[in-house]
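Below: run-v2.cif (mmCIF, C-alpha atoms and all ligand atoms)
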```cif
data_work
loop_
_atom_site.label_atom_id
_atom_site.label_comp_id
_atom_site.auth_asym_id
_atom_site.auth_seq_id
_atom_site.Cartn_x
_atom_site.Cartn_y
_atom_site.Cartn_z
CA MET J 1 -0.13 -18.74 -17.67
CA THR J 2 0.11 -15.25 -19.07
CA VAL J 3 1.15 -13.57 -15.83
CA THR J 4 4.17 -14.86 -13.90
CA LEU J 5 5.63 -13.60 -10.64
CA GLU J 6 8.61 -12.36 -12.64
CA SER J 7 6.49 -10.54 -15.25
CA LEU J 8 4.35 -9.00 -12.49
CA ALA J 9 7.44 -7.77 -10.61
CA ASP J 10 8.98 -6.41 -13.83
CA GLU J 11 5.84 -4.51 -14.78
CA ILE J 12 5.46 -3.03 -11.28
CA ARG J 13 9.12 -2.00 -11.22
CA THR J 14 8.76 -0.28 -14.62
CA ALA J 15 5.57 1.53 -13.54
CA LEU J 16 7.02 2.78 -10.24
CA THR J 17 10.29 3.83 -11.88
CA SER J 18 8.68 5.79 -14.69
CA ASP J 19 6.17 7.47 -12.34
CA PRO J 20 6.85 7.31 -8.57
CA GLY J 21 3.72 9.45 -7.92
CA PRO J 22 -0.01 8.64 -7.95
CA GLY J 23 -0.01 7.87 -11.70
CA GLY J 24 2.49 5.04 -11.17
CA LYS J 25 0.32 3.53 -8.39
CA ASP J 26 -2.70 3.75 -10.68
CA THR J 27 -0.78 1.80 -13.31
CA VAL J 28 0.24 -0.78 -10.68
CA CYS J 29 -3.45 -1.26 -9.79
CA LYS J 30 -4.19 -2.10 -13.44
CA ILE J 31 -1.21 -4.50 -13.60
CA VAL J 32 -2.33 -6.22 -10.38
CA SER J 33 -5.91 -6.46 -11.61
CA LYS J 34 -4.70 -8.49 -14.60
CA ALA J 35 -2.86 -10.90 -12.29
CA LEU J 36 -5.93 -11.23 -10.02
CA LEU J 37 -8.02 -12.44 -12.96
CA ASP J 38 -5.37 -14.93 -14.13
CA LYS J 39 -6.62 -18.21 -12.67
CA GLU J 40 -3.33 -20.02 -13.22
CA PHE J 41 -1.36 -17.27 -11.48
CA VAL J 42 -3.75 -17.32 -8.53
CA ALA J 43 -3.65 -21.12 -8.29
CA ALA J 44 0.16 -21.14 -8.44
CA HIS J 45 0.83 -18.44 -5.84
CA LEU J 46 -2.19 -18.25 -3.55
CA LYS J 47 -2.38 -21.77 -2.18
CA ASP J 48 -5.20 -22.84 0.12
CA ARG J 49 -4.43 -22.55 3.83
CA ALA J 50 -5.78 -24.55 6.74
CA ASP J 51 -7.85 -22.60 9.27
CA GLY J 52 -5.48 -20.89 11.71
CA GLU J 53 -2.48 -21.17 9.38
CA HIS J 54 -0.46 -17.95 8.89
CA PRO J 55 -2.23 -16.12 6.04
CA ARG J 56 0.71 -14.08 4.75
CA GLU J 57 3.52 -14.96 2.37
CA VAL J 58 5.99 -12.49 0.85
CA LEU J 59 6.26 -13.78 -2.72
CA PHE J 60 8.74 -11.20 -3.98
CA GLU J 61 10.71 -8.29 -2.50
CA ASP J 62 12.40 -5.86 -4.87
CA PRO J 63 16.03 -5.36 -3.83
CA ASP J 64 16.22 -1.82 -5.26
CA LEU J 65 12.81 -0.18 -4.85
CA GLY J 66 11.78 -2.19 -1.77
CA PHE J 67 8.24 -2.97 -2.90
CA CYS J 68 6.80 -6.38 -2.06
CA ILE J 69 4.32 -8.70 -3.72
CA CYS J 70 2.50 -10.62 -1.00
CA GLY J 71 -0.06 -13.39 -1.00
CA HIS J 72 -2.66 -13.23 1.76
CA VAL J 73 -4.95 -16.24 2.08
CA TYR J 74 -7.57 -16.37 4.84
CA ALA J 75 -9.19 -19.76 5.43
CA GLY J 76 -12.05 -18.31 7.47
CA SER J 77 -13.61 -15.00 8.44
CA ALA J 78 -11.21 -12.16 9.28
CA HIS J 79 -12.05 -8.73 10.66
CA GLY J 80 -9.41 -6.00 10.85
CA GLU J 81 -9.35 -2.96 13.10
CA PRO J 82 -8.85 0.49 11.54
CA HIS J 83 -5.16 0.92 10.73
CA ASP J 84 -2.68 2.57 8.41
CA HIS J 85 0.60 1.19 7.10
CA GLY J 86 2.93 3.67 8.80
CA SER J 87 5.35 5.08 6.25
CA SER J 88 4.28 2.72 3.44
CA TRP J 89 1.52 2.68 0.84
CA ALA J 90 -0.24 -0.55 -0.13
CA ILE J 91 -2.49 -1.92 -2.84
CA TYR J 92 -5.11 -4.51 -1.84
CA GLY J 93 -5.95 -6.83 -4.72
CA GLN J 94 -8.90 -9.20 -4.44
CA ALA J 95 -8.32 -12.56 -6.20
CA THR J 96 -11.16 -14.67 -4.74
CA GLY J 97 -14.03 -13.98 -2.33
CA GLU J 98 -15.09 -10.52 -1.18
CA THR J 99 -13.71 -7.93 1.22
CA GLU J 100 -15.92 -5.31 2.82
CA MET J 101 -13.58 -2.36 3.22
CA THR J 102 -14.21 0.71 5.34
CA ASP J 103 -12.28 3.96 4.92
CA TRP J 104 -11.90 6.10 8.04
CA LYS J 105 -11.18 9.81 8.36
CA ILE J 106 -8.90 11.19 11.03
CA VAL J 107 -10.89 13.49 13.35
CA LYS J 108 -8.11 14.09 15.88
CA GLN J 109 -4.38 13.74 15.35
CA GLY J 110 -2.61 11.67 17.98
CA SER J 111 0.57 12.21 19.94
CA ASP J 112 3.18 9.93 21.48
CA ALA J 113 0.77 9.12 24.30
CA GLN J 114 -2.59 9.45 22.53
CA PRO J 115 -3.95 7.50 19.55
CA LYS J 116 -5.24 9.16 16.39
CA LEU J 117 -9.04 9.20 16.53
CA VAL J 118 -10.92 8.13 13.41
CA GLU J 119 -14.52 8.02 12.19
CA LYS J 120 -16.07 5.83 9.50
CA GLU J 121 -16.21 7.56 6.14
CA ARG J 122 -17.45 4.98 3.63
CA THR J 123 -17.76 1.24 3.15
CA TYR J 124 -17.45 -0.63 -0.15
CA THR J 125 -16.92 -4.15 -1.41
CA LEU J 126 -13.81 -5.40 -3.21
CA VAL J 127 -14.58 -8.25 -5.62
CA PRO J 128 -12.24 -10.44 -7.69
CA GLY J 129 -10.19 -8.27 -10.05
CA ASP J 130 -10.46 -5.13 -7.87
CA ALA J 131 -7.17 -3.50 -6.85
CA HIS J 132 -7.42 -0.54 -4.48
CA PHE J 133 -4.61 1.87 -3.58
CA TYR J 134 -4.12 3.07 0.02
CA ASP J 135 -1.64 5.91 0.27
CA VAL J 136 0.65 6.54 3.23
CA GLY J 137 -1.58 7.40 6.21
CA ASP J 138 -4.89 6.24 4.67
CA VAL J 139 -6.85 4.54 7.46
CA HIS J 140 -8.95 1.52 6.52
CA SER J 141 -10.36 -1.71 7.97
CA PRO J 142 -11.01 -4.87 5.96
CA SER J 143 -13.70 -7.36 6.90
CA ARG J 144 -14.19 -10.82 5.40
CA GLU J 145 -16.98 -13.21 6.31
CA ALA J 146 -15.77 -16.09 4.14
CA PRO J 147 -12.40 -17.32 2.81
CA VAL J 148 -10.53 -14.88 0.57
CA LYS J 149 -7.34 -14.78 -1.45
CA LEU J 150 -5.53 -11.48 -1.94
CA ILE J 151 -2.48 -10.12 -3.69
CA ARG J 152 -1.13 -7.19 -1.76
CA ILE J 153 1.54 -4.88 -3.09
CA GLU J 154 3.38 -2.99 -0.38
CA GLY J 155 5.65 0.01 -0.88
CA ALA J 156 7.93 -1.58 1.70
CA ASN J 157 7.70 -4.93 3.48
CA LEU J 158 5.03 -4.29 6.11
CA ASP J 159 6.54 -6.90 8.41
CA GLU J 160 9.12 -4.22 9.16
CA VAL J 161 6.93 -1.11 9.21
CA GLN J 162 5.54 0.39 12.42
CA ARG J 163 1.83 1.29 12.16
CA SER J 164 0.23 4.34 13.75
CA ASN J 165 -1.66 4.13 17.01
CA ILE J 166 -5.31 4.46 15.86
CA LYS J 167 -8.64 4.23 17.67
CA ALA J 168 -12.25 4.58 16.55
CA ALA J 169 -13.69 7.81 18.01
FE FE V 1 -4.21 -2.47 5.62
#
```
As structure tokens, how would this structure be written, given the file I've shared?
Amino acid sequence: MTVTLESLADEIRTALTSDPGPGGKDTVCKIVSKALLDKEFVAAHLKDRADGEHPREVLFEDPDLGFCICGHVYAGSAHGEPHDHGSSWAIYGQATGETEMTDWKIVKQGSDAQPKLVEKERTYTLVPGDAHFYDVGDVHSPSREAPVKLIRIEGANLDEVQRSNIKAA
């Protein structure tokens, strides 16, 4: 195995420390892409799940920077509603299978009582080895017809992040 969880975490930490801006995220995408194509890494950390089993596992959480390396394994089809990740960015990395991803643009800002309204902007397919960066506030919706395995890097553990109230216009 050329990529280990430790080497992946170390490389991400170095990239985000040396460039906390968009350039650092771009480097993280390249680092993640390498891990996605490492069959031994994928076999070791993205174990098969039974249908209905919880898809998400936090594999690593950085105690200083707060970023997380997560494994997401869906045993069947999975269709997400348009959403953002609140105050966090995220990188979706496709290890196996395909994700049809849609980006949405905000056409009306929300308020405490009203959701943000969004419209479809573009749809594209993530295939094994693809790592795509979603900045804070980027609205997207993933759709998977068949089982997939993903590595997701989160700026902060999304289990603890409140998402925006979003609705398709
Ligand atoms: Fe997302």
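The space between CA of Val28 (chain J) and CA of Tyr92 (chain J) spans 11.0 Å.
One distance worth recording is that between CA of Ala75 (chain J) and CA of Pro55 (chain J), which is 7.9 Å.
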Distance query region 14-16 of chain J at most 8 Å, all atoms listed in the file, self and fewer than 6 positions along chain excluded, as number ranges by chain: J: 24-25, 27-28
Which chains and residue numbers are within 12 Å of ligand FE 1 (chain V), counting all atoms listed in the file, if I want them as number ranges by chain? J: 72, 79-86, 88-93, 99, 101-104, 132-143, 150, 152-154, 158-159, 161, 163-164
Report as a VMD selection string all protein, DNA and RNA residues lying within 6 Å of Gln94 (chain J), evaluated on all atoms listed in the file, omitting residues in the same chain fewer than 5 positions from it. chain J and resid 127 to 130 150
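Straight-line separation from CA of Asp51 (chain J) to CA of Gln162 (chain J): 26.8 Å.
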Take the point (2.0, -14.5, 1.4) as written in the file and pick out every residue within 9 Å of it, counting only C-alpha atoms; give the list as a ChimeraX atom specification. /J:45-46,54-59,69-73,150-152
Can you pull out the residues contacting Glu98 (chain J)? Cut-off 7 Å, using only C-alpha atoms, and skip same-chain residues under 2 positions away; I want them as a list in words. Thr96, Glu100, Thr125, Leu126, Val127, Arg144 and Val148 of chain J
Tell me, as an MDAnalysis selection string, which residues lie within 9 Å of region 108-117 of chain J, counting all atoms listed in the file; anything in the same chain fewer than 3 positions away does not count. chainID J and resid 105 164:169
Region 48-167 of chain J written out with C-alpha atoms as a compact mmCIF listing (two decimals), in the first residue's frame:
```txt
# COMPACT_ATOMS: atom_id res chain seq x y z
CA ASP J 48 -18.59 -3.01 2.09
CA ARG J 49 -21.79 -2.17 3.96
CA ALA J 50 -25.06 -4.06 4.12
CA ASP J 51 -28.07 -2.29 2.62
CA GLY J 52 -29.48 0.12 5.21
CA GLU J 53 -26.28 0.17 7.27
CA HIS J 54 -25.00 3.65 8.24
CA PRO J 55 -22.87 4.77 5.28
CA ARG J 56 -20.57 7.19 7.10
CA GLU J 57 -17.39 6.62 9.09
CA VAL J 58 -15.03 9.34 10.32
CA LEU J 59 -11.64 7.74 9.68
CA PHE J 60 -9.50 10.60 10.97
CA GLU J 61 -10.10 13.99 12.62
CA ASP J 62 -7.21 16.42 12.85
CA PRO J 63 -6.92 17.74 16.42
CA ASP J 64 -5.38 21.07 15.33
CA LEU J 65 -6.87 22.04 11.98
CA GLY J 66 -10.19 20.22 12.49
CA PHE J 67 -10.38 18.64 9.04
CA CYS J 68 -11.80 15.13 8.75
CA ILE J 69 -11.17 12.20 6.45
CA CYS J 70 -14.43 10.27 6.09
CA GLY J 71 -15.42 7.08 4.36
CA HIS J 72 -18.89 7.03 2.84
CA VAL J 73 -20.09 3.68 1.51
CA TYR J 74 -23.59 3.35 0.04
CA ALA J 75 -24.82 -0.20 -0.50
CA GLY J 76 -27.67 0.87 -2.78
CA SER J 77 -28.99 3.90 -4.63
CA ALA J 78 -28.85 7.23 -2.78
CA HIS J 79 -30.31 10.56 -3.86
CA GLY J 80 -29.47 13.75 -1.97
CA GLU J 81 -31.45 16.98 -1.86
CA PRO J 82 -29.68 20.26 -2.68
CA HIS J 83 -27.64 21.32 0.35
CA ASP J 84 -24.54 23.15 1.50
CA HIS J 85 -22.24 22.31 4.39
CA GLY J 86 -22.94 25.37 6.53
CA SER J 87 -19.66 26.93 7.60
CA SER J 88 -17.48 24.12 6.22
CA TRP J 89 -15.99 23.24 2.85
CA ALA J 90 -15.81 19.65 1.62
CA ILE J 91 -14.09 17.57 -1.03
CA TYR J 92 -16.03 14.64 -2.53
CA GLY J 93 -13.70 11.90 -3.73
CA GLN J 94 -15.07 9.05 -5.82
CA ALA J 95 -13.35 5.69 -5.12
CA THR J 96 -15.78 3.25 -6.78
CA GLY J 97 -19.00 3.62 -8.77
CA GLU J 98 -20.31 6.91 -10.14
CA THR J 99 -21.99 9.97 -8.66
CA GLU J 100 -24.15 12.26 -10.75
CA MET J 101 -23.62 15.64 -9.12
CA THR J 102 -25.70 18.75 -9.68
CA ASP J 103 -24.53 22.24 -8.77
CA TRP J 104 -27.24 24.74 -7.87
CA LYS J 105 -27.16 28.54 -7.92
CA ILE J 106 -28.83 30.62 -5.26
CA VAL J 107 -31.59 32.73 -6.84
CA LYS J 108 -33.00 34.14 -3.59
CA GLN J 109 -31.22 34.47 -0.25
CA GLY J 110 -33.15 33.10 2.69
CA SER J 111 -33.88 34.46 6.14
CA ASP J 112 -34.51 32.92 9.54
CA ALA J 113 -38.02 31.97 8.43
CA GLN J 114 -37.50 31.44 4.69
CA PRO J 115 -35.25 28.95 2.90
CA LYS J 116 -32.66 29.96 0.31
CA LEU J 117 -34.10 29.27 -3.14
CA VAL J 118 -31.87 27.51 -5.66
CA GLU J 119 -31.96 26.57 -9.34
CA LYS J 120 -30.06 23.83 -11.16
CA GLU J 121 -26.89 25.12 -12.77
CA ARG J 122 -25.05 22.08 -14.16
CA THR J 123 -24.85 18.32 -13.78
CA TYR J 124 -21.73 16.20 -14.16
CA THR J 125 -20.48 12.73 -13.31
CA LEU J 126 -17.78 11.92 -10.77
CA VAL J 127 -15.89 8.73 -11.64
CA PRO J 128 -13.22 6.83 -9.68
CA GLY J 129 -10.22 9.08 -9.06
CA ASP J 130 -12.24 12.32 -9.28
CA ALA J 131 -12.00 14.68 -6.29
CA HIS J 132 -14.20 17.77 -6.39
CA PHE J 133 -13.98 20.77 -4.05
CA TYR J 134 -17.15 22.43 -2.69
CA ASP J 135 -16.43 25.71 -0.96
CA VAL J 136 -18.39 27.10 1.98
CA GLY J 137 -21.92 27.83 0.71
CA ASP J 138 -21.66 25.88 -2.57
CA VAL J 139 -25.02 24.16 -3.08
CA HIS J 140 -24.97 20.69 -4.64
CA SER J 141 -26.94 17.43 -4.75
CA PRO J 142 -25.40 14.00 -5.31
CA SER J 143 -27.30 11.16 -6.92
CA ARG J 144 -26.19 7.52 -7.09
CA GLU J 145 -28.09 4.74 -8.82
CA ALA J 146 -25.74 1.94 -7.78
CA PRO J 147 -23.39 1.25 -4.85
CA VAL J 148 -20.54 3.74 -4.41
CA LYS J 149 -17.54 4.24 -2.17
CA LEU J 150 -16.34 7.76 -1.40
CA ILE J 151 -13.60 9.49 0.52
CA ARG J 152 -14.83 12.82 1.75
CA ILE J 153 -12.58 15.45 3.25
CA GLU J 154 -14.42 17.95 5.41
CA GLY J 155 -13.06 21.26 6.66
CA ALA J 156 -14.75 20.45 9.96
CA ASN J 157 -16.63 17.33 11.07
CA LEU J 158 -19.99 17.73 9.34
CA ASP J 159 -21.73 15.73 12.06
CA GLU J 160 -21.43 18.93 14.09
CA VAL J 161 -22.13 21.53 11.40
CA GLN J 162 -25.56 23.08 10.85
CA ARG J 163 -26.55 23.21 7.15
CA SER J 164 -28.48 26.04 5.53
CA ASN J 165 -32.21 25.82 4.91
CA ILE J 166 -32.37 25.31 1.11
CA LYS J 167 -35.22 24.63 -1.30
```
